[in-house]
Every structure is written in structure tokens, then in C-alpha cells.
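Right, one structure below, let's go through it.
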Amino acid sequence: MLLPTCLDLLLNTMLVKPALLHFKFDEFAYLPTEVDNAVESEVQTDCNGNEWMLVLFPGGQSDSNEGWVSLYINYLGGANNDSLDTAYSLDIKDANGTVYDNEDDDQLLEAGNNTWGYHDYLERAEIVDPNNNILKDGALCIDLTIQVKPSLRDDLYGYNHRLTDKMRQLLESGERSDATFIVGDETFKVHSCIIHNNAPVLANQLNQNAQNPDNVIEGILPEVFRLVLMFVYTEFCPSWEEINVHAKELIDAANRYELIELKVDVENVLVRERIMNRENVSDWILFADAHSCALLKEYALSYFLLHSTEILKSEHSKRLRESGEVLSEIIMLMADGDGGITVTELRKQLGKRDLDVDGSKETLAARLEIAKRQRTDG
């Protein structure tokens with residue numbers, strides 16, 4: 001089990017710090033059950049300086065079903081934040097530490113308002129039933145996990161894009177094209193000078209024209225290849241909707257064609273959109289590790305450690321438990337607690353030196369250390 005002090009140390013090094021807050025409503029069974037009668041929790045401050053409170057309606061509200069409890073998250077404000085774009089999770093655990101009920105969502109929470117919640121959160125009879133073992137010494141305990149979504153360009157290392165409509169139109173029209181790629185049953189007309197300049201590895205396919213006169217590319221979906229070409233022409237990152245469907249295929253393609261800018265952008269979007277949950281985090285850890293996605297792995301490990309007890313008990317962690325190398329890394333993080341400099345900071349410092357920002361976190365740290373030593377020696 002991860003000690004709180006270790007967890008705090010790890011999360012303090014994370015790109016976007018998830019905050020785990022514990023709220024308690026004492027003597028729940030004796031709280032007034034009149035409809036629309038609100039009971040406020042104590043105010044808690046997260047690790048980012050934001051203040052939070054839960055508002056409970058033990059007897060529900062006028063629009064609740066009879067016998068149901070209502071619950072709302074109240075963001076009271078923070079340093080220079082009138083509103084926060086968040087991903088949150090509300091957990092009720094039984095006395096054994098097992099999650100009895102979980103609700104999670106993404107919401108824009110405004111300071112000072114009961115902005116988001118549930119008028120039918122849980123049945124009161126279910127909470128007070130001793131067979132469910134929910135109340136602890138008579139108290140209803142609720143964990144709130146809050147992660148604030150950063151601005152993709154302001155808080156994450158990324159590349160500045162100069163999207164030009166003319167370049168997009170050139171690709172889509174195929175005007176004055178001098179080469180083609182065939183992917184599946186689709187043909188893509190391209191301009192070899194652009195491919196050679198912006199995607200040299202992909203251009204090697206054109207250079208092998210004698211052996212492959214039709215420039216047939218295998219192992220990639222046409223719709224993914226189209227997104228890759230759009231990036232090559234415009235430096236325009238695919239939309240969240242496109243990444244949500246093809247994230248892993250895009251990262252595969254970025255590695256295959258050494259399009260590091262595309263890979264970094266896809267990672268940034270996945271982290272900003274808070275894709276992790278208890279069911280998928282183990283697979284994402286293994287994928288990020290295998291594909292040297294340092295930022296994605298950092299985020300996935302942080303989420304895993306925050307919910308490690310529940311995840312390790314589930315079937316979703318089976319593949320992770322079978323991966324000795326990754327599991328050893330997780331155990332070391334749990335023991336040491338200090339993740340060191342963040343991937344974003346590593347990439348920023350390497351980017352300032354015009355050095356490669358691809359690779360695992362360990363590779364990035366080693367590359368930066370060598371650069372610092374060379375500067376000192378020089």
C-alpha cells in the first residue's frame with residue numbers, strides 16, 4: 001500500500017497534480033432528512049491552493065427521487081482562478097477500503113457555485129444499511145479526487161504550429177503532385193519536396209521507387225495515414241475526436257516515421273483530456289513504456305499510484321502484474337516517492353538547447369545531464 005507521504009512527494013513532481021481530498025459527514029444517520037436541507041462539509045485546500053467543499057442533502061432535493069441523497073461539489077476558489085476545467089472522481093469506500101460507489105466526470109467548475117453534482121447520488125437506506133458497511137463510526141466518508149486540466153500550449157511542452165490553409169488545400173487537392181502513396185484501397189497524391197523536407201523517413205519510401213513503384217505502404221490505416229500527411233504538410237495536430245479514436249495508431253506512426261513533434265502533441269492531448277481510468281490505466285502504462293511515451297507514462301503512473309489499492313485488486317491489472325520490469329519500477333516509485341524533475345520540464349530544457357525530446361524519462365534526463373556537463377567542461 002502506498003504511504004501518503006510517498007504519494008504526496010510523487011504527485012508534487014507530476015505535471016498536473018491530482019488532489020485527493022477526504023470529506024466526512026459525522027453521525028450521518030442522525031442528520032436532518034427534510035427535503036432541500038443542505039449540510040456542508042469542512043472546507044479543504046488541495047495541493048494547488050484551491051478550496052473545495054462538498055454539499056450533502058441527506059433527505060434529497062425537490063427534484064430527487066424519494067429516499068435518495070443529493071451531493072454536490074463546491075469549488076470555492078483559488079489563486080487567480082475564477083473557474084477550473086477539471087476531471088474529478090467521487091468515491092465511497094466500505095470499511096475494507098473497497099470502493100462501494102464511484103462517480104467521475106469532466107466539468108468546468110465555477111468558484112462559489114454548487115456547480116456540479118447529483119440530485120440522486122445514493123439511496124439513504126443503502127448508506128445506513130449495516131450489511132453494506134459504508135459508515136465508519138457513524139460517519140459517511142467521501143473521497144474527492146480532482147485533476148485540473150492545463151492549457152495545452154501554456155502548461156505542456158509542445159511545438160508552435162503555423163497552420164496554413166494553402167498547405168492543407170495543396171494536400172487535399174493534389175494539385176501539382178509528383179508522387180503517390182497507396183494505403184489500403186486509397187491513393188494519396190503528394191509532393192515529394194514537402195515529404196523529403198518534413199518527413200525524411202517517410203521520404204525513403206519514395207526513394208525506393210524501383211523496388212516499390214506504386215509506393216505501397218502497409219501496416220497503417222488509410223485514415224491514420226491521412227492524419228499523418230496532414231501533420232507533415234501543416235504541423236496541425238489532429239483533433240481530440242481523431243486522437244480519441246486513433247491515439248495508439250498515431251503514436252505508432254509517429255515512431256515509425258520519426259515524427260517526434262506529432263508524438264509529443266498526441267501525448268499532450270491525451271494528458272490534457274485526462275484519459276486514464278481504473279480500467280485502462282494498466283494498459284496505458286504498458287503501451288507508454290513500450291513506445292517511449294515519457295509524458296503519457298508519467299501521467300499514467302501518477303494515476304495508478306493514486307488508485308493503486310483498487311486497481312491491483314481488479315482483473316484490469318493482470319497484464320501489468322505479469323510485467324516484471326514495469327512492476328519493479330512502480331514498486332520503486334512507491335518506496336522512494338520522489339519522481340524527480342517532470343517530463344515537461346525535461347523537454348523544455350532540452351528544447352531550449354535544440355536537443356531531441358523523444359525517449360523515456362530516463363533517456364531524457366541522461367541527455368540533459370550530458371548537455372549540462374558538456375557546457376560546464378566547455
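Ligands are numbered from 1 in the order shown, residues from 1 within each chain, and chains are lettered A, B, ... in the order they appear in the C-alpha cells.
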
Tell me, as a JSON list (two decimals) with all heavy atoms, in the first residue's frame, which residues lie within 10 Å of A:Arg176, counting only C-alpha atoms; anything in the same chain fewer than 2 positions away does not count.
[["chain", "number", "residue", "atom", "x", "y", "z"],
["A", 170, "LEU", "N", -3.41, 22.27, -50.64],
["A", 170, "LEU", "CA", -2.48, 21.63, -51.58],
["A", 170, "LEU", "C", -2.52, 20.12, -51.42],
["A", 170, "LEU", "O", -2.57, 19.38, -52.41],
["A", 170, "LEU", "CB", -1.07, 22.15, -51.33],
["A", 170, "LEU", "CG", 0.00, 21.73, -52.35],
["A", 170, "LEU", "CD1", -0.30, 22.29, -53.72],
["A", 170, "LEU", "CD2", 1.38, 22.18, -51.86],
["A", 171, "LEU", "N", -2.53, 19.66, -50.18],
["A", 171, "LEU", "CA", -2.60, 18.22, -49.92],
["A", 171, "LEU", "C", -3.93, 17.64, -50.37],
["A", 171, "LEU", "O", -4.00, 16.60, -51.02],
["A", 171, "LEU", "CB", -2.37, 17.95, -48.43],
["A", 171, "LEU", "CG", -2.56, 16.49, -47.99],
["A", 171, "LEU", "CD1", -1.56, 15.58, -48.68],
["A", 171, "LEU", "CD2", -2.44, 16.38, -46.46],
["A", 173, "SER", "N", -6.13, 18.78, -52.51],
["A", 173, "SER", "CA", -6.41, 18.86, -53.95],
["A", 173, "SER", "C", -5.47, 17.98, -54.78],
["A", 173, "SER", "O", -5.83, 17.51, -55.86],
["A", 173, "SER", "CB", -6.29, 20.31, -54.43],
["A", 173, "SER", "OG", -4.94, 20.75, -54.38],
["A", 174, "GLY", "N", -4.25, 17.77, -54.28],
["A", 174, "GLY", "CA", -3.27, 17.02, -55.04],
["A", 174, "GLY", "C", -2.72, 17.79, -56.23],
["A", 174, "GLY", "O", -2.02, 17.22, -57.09],
["A", 178, "ASP", "N", 3.62, 15.08, -57.49],
["A", 178, "ASP", "CA", 4.56, 14.35, -58.35],
["A", 178, "ASP", "C", 4.85, 12.95, -57.82],
["A", 178, "ASP", "O", 5.79, 12.29, -58.26],
["A", 178, "ASP", "CB", 5.86, 15.13, -58.51],
["A", 178, "ASP", "CG", 6.54, 15.41, -57.18],
["A", 178, "ASP", "OD1", 5.95, 15.08, -56.13],
["A", 178, "ASP", "OD2", 7.65, 15.96, -57.19],
["A", 179, "ALA", "N", 4.07, 12.51, -56.84],
["A", 179, "ALA", "CA", 4.27, 11.18, -56.28],
["A", 179, "ALA", "C", 2.96, 10.73, -55.64],
["A", 179, "ALA", "O", 2.07, 11.55, -55.36],
["A", 179, "ALA", "CB", 5.40, 11.16, -55.26],
["A", 189, "LYS", "N", -2.09, 11.57, -53.24],
["A", 189, "LYS", "CA", -1.20, 12.35, -54.09],
["A", 189, "LYS", "C", -0.39, 13.31, -53.21],
["A", 189, "LYS", "O", -0.96, 14.05, -52.41],
["A", 189, "LYS", "CB", -1.99, 13.13, -55.13],
["A", 189, "LYS", "CG", -2.75, 12.25, -56.11],
["A", 189, "LYS", "CD", -3.51, 13.09, -57.13],
["A", 189, "LYS", "CE", -4.25, 12.22, -58.14],
["A", 189, "LYS", "NZ", -4.99, 13.05, -59.14],
["A", 190, "VAL", "N", 0.93, 13.28, -53.37],
["A", 190, "VAL", "CA", 1.79, 14.09, -52.51],
["A", 190, "VAL", "C", 2.83, 14.82, -53.35],
["A", 190, "VAL", "O", 2.98, 14.57, -54.55],
["A", 190, "VAL", "CB", 2.49, 13.22, -51.44],
["A", 190, "VAL", "CG1", 1.48, 12.56, -50.53],
["A", 190, "VAL", "CG2", 3.39, 12.17, -52.11],
["A", 191, "HIS", "N", 3.56, 15.69, -52.67],
["A", 191, "HIS", "CA", 4.61, 16.50, -53.29],
["A", 191, "HIS", "C", 5.94, 16.07, -52.65],
["A", 191, "HIS", "O", 6.16, 16.30, -51.46],
["A", 191, "HIS", "CB", 4.33, 17.99, -53.06],
["A", 191, "HIS", "CG", 2.95, 18.40, -53.53],
["A", 191, "HIS", "ND1", 1.83, 18.15, -52.76],
["A", 191, "HIS", "CD2", 2.53, 18.99, -54.67],
["A", 191, "HIS", "CE1", 0.77, 18.60, -53.41],
["A", 191, "HIS", "NE2", 1.17, 19.11, -54.57]]

Filtered DSSP result for stretch 104-250 of chain A, state strand (DSSP E or B), as an NGL selection string: :A and (104-110 or 113-123 or 136 or 139-148 or 179-183 or 186-190 or 216-217)

With distances taken over only C-alpha atoms, which of A:Gln169, A:Gln205, A:Thr45, A:Asn215 is nearest to A:Val183? A:Asn215

Closest of A:Asp143, A:Tyr88, A:Val201, A:Pro18 to A:Leu301, counting only C-alpha atoms, is A:Pro18

Find the residues around stretch 127-142 of chain A up to 7 Å (only C-alpha atoms counted), leave out those fewer than 3 positions away in its own chain, and share them as a PyMOL selection string. chain A and resi 22-29+90-95+123-124

Using only C-alpha atoms, which residue out of A:Glu172, A:Ile217, A:Arg274, A:Arg256 lies closest to A:Gln107? A:Arg274

Atom CA of A:Cys237 to atom CA of A:Asp265, distance in Å rounded to a single decimal: 6.5 Å

My list of candidates is A:Ser83, A:Ser308, A:Ser360, A:Ser41. Which is closest to A:Ile331 when distances are computed with only C-alpha atoms?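 Smallest separation from A:Ile331 among the options: A:Ser308.
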
Spatial neighbours of A:Arg375, max dist 12 Å, only C-alpha atoms, sep filter under 6 positions, as a short mmCIF file (atom, residue, chain, number, x, y, z; two decimals) with all heavy atoms, in the first residue's frame:
data_model
loop_
_atom_site.label_atom_id
_atom_site.label_comp_id
_atom_site.auth_asym_id
_atom_site.auth_seq_id
_atom_site.Cartn_x
_atom_site.Cartn_y
_atom_site.Cartn_z
N ARG A 353 17.84 23.82 -25.76
CA ARG A 353 19.17 23.50 -26.25
C ARG A 353 19.14 22.89 -27.65
O ARG A 353 20.15 22.43 -28.15
CB ARG A 353 19.86 22.53 -25.28
CG ARG A 353 20.16 23.14 -23.91
CD ARG A 353 20.61 22.05 -22.93
NE ARG A 353 21.16 22.60 -21.70
CZ ARG A 353 20.43 23.03 -20.68
NH1 ARG A 353 19.09 22.98 -20.75
NH2 ARG A 353 20.99 23.51 -19.59
N LEU A 368 19.94 15.37 -20.94
CA LEU A 368 20.09 16.71 -20.37
C LEU A 368 21.34 16.79 -19.50
O LEU A 368 22.07 17.80 -19.54
CB LEU A 368 18.85 17.08 -19.56
CG LEU A 368 18.86 18.46 -18.90
CD1 LEU A 368 18.99 19.56 -19.96
CD2 LEU A 368 17.59 18.67 -18.07
N GLU A 369 21.61 15.76 -18.73
CA GLU A 369 22.79 15.75 -17.87
C GLU A 369 24.07 15.83 -18.70
O GLU A 369 25.01 16.55 -18.36
CB GLU A 369 22.79 14.49 -17.01
CG GLU A 369 23.94 14.42 -16.01
CD GLU A 369 23.93 15.54 -14.99
OE1 GLU A 369 22.83 16.07 -14.69
OE2 GLU A 369 25.02 15.90 -14.51
#

Please provide the set of residues having any atom within 8 Å of A:Ser70, restricted to only C-alpha atoms, with same-chain residues fewer than 6 positions apart removed, written as a PyMOL selection string. chain A and resi 56-61+64+117-122

Within 10 Å of A:Thr187, counting only C-alpha atoms, which residues qualify if same-chain residues fewer than 5 places away don't, as a VMD selection string? chain A and resid 180 to 182 214 to 216 222

To one decimal place in Å, what is the distance between atom CA of A:Glu241 and atom CA of A:Ile220?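 Between atom CA of A:Glu241 and atom CA of A:Ile220 the gap is 18.7 Å.
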
What's the 10 Å shell around A:Asn277, counting only C-alpha atoms, without same-chain residues fewer than 5 positions away, as a ChimeraX atom specification? /A:89,104,282,284,300,303-304,307,311

Distance in Å - atom CA of A:Asn74 versus atom CA of A:Asn102: 17.9 Å

Of the candidates A:Leu286, A:Ala19, A:Ala203, A:Leu229, which one gets nearest to A:Asp46 if we count only C-alpha atoms? A:Ala19
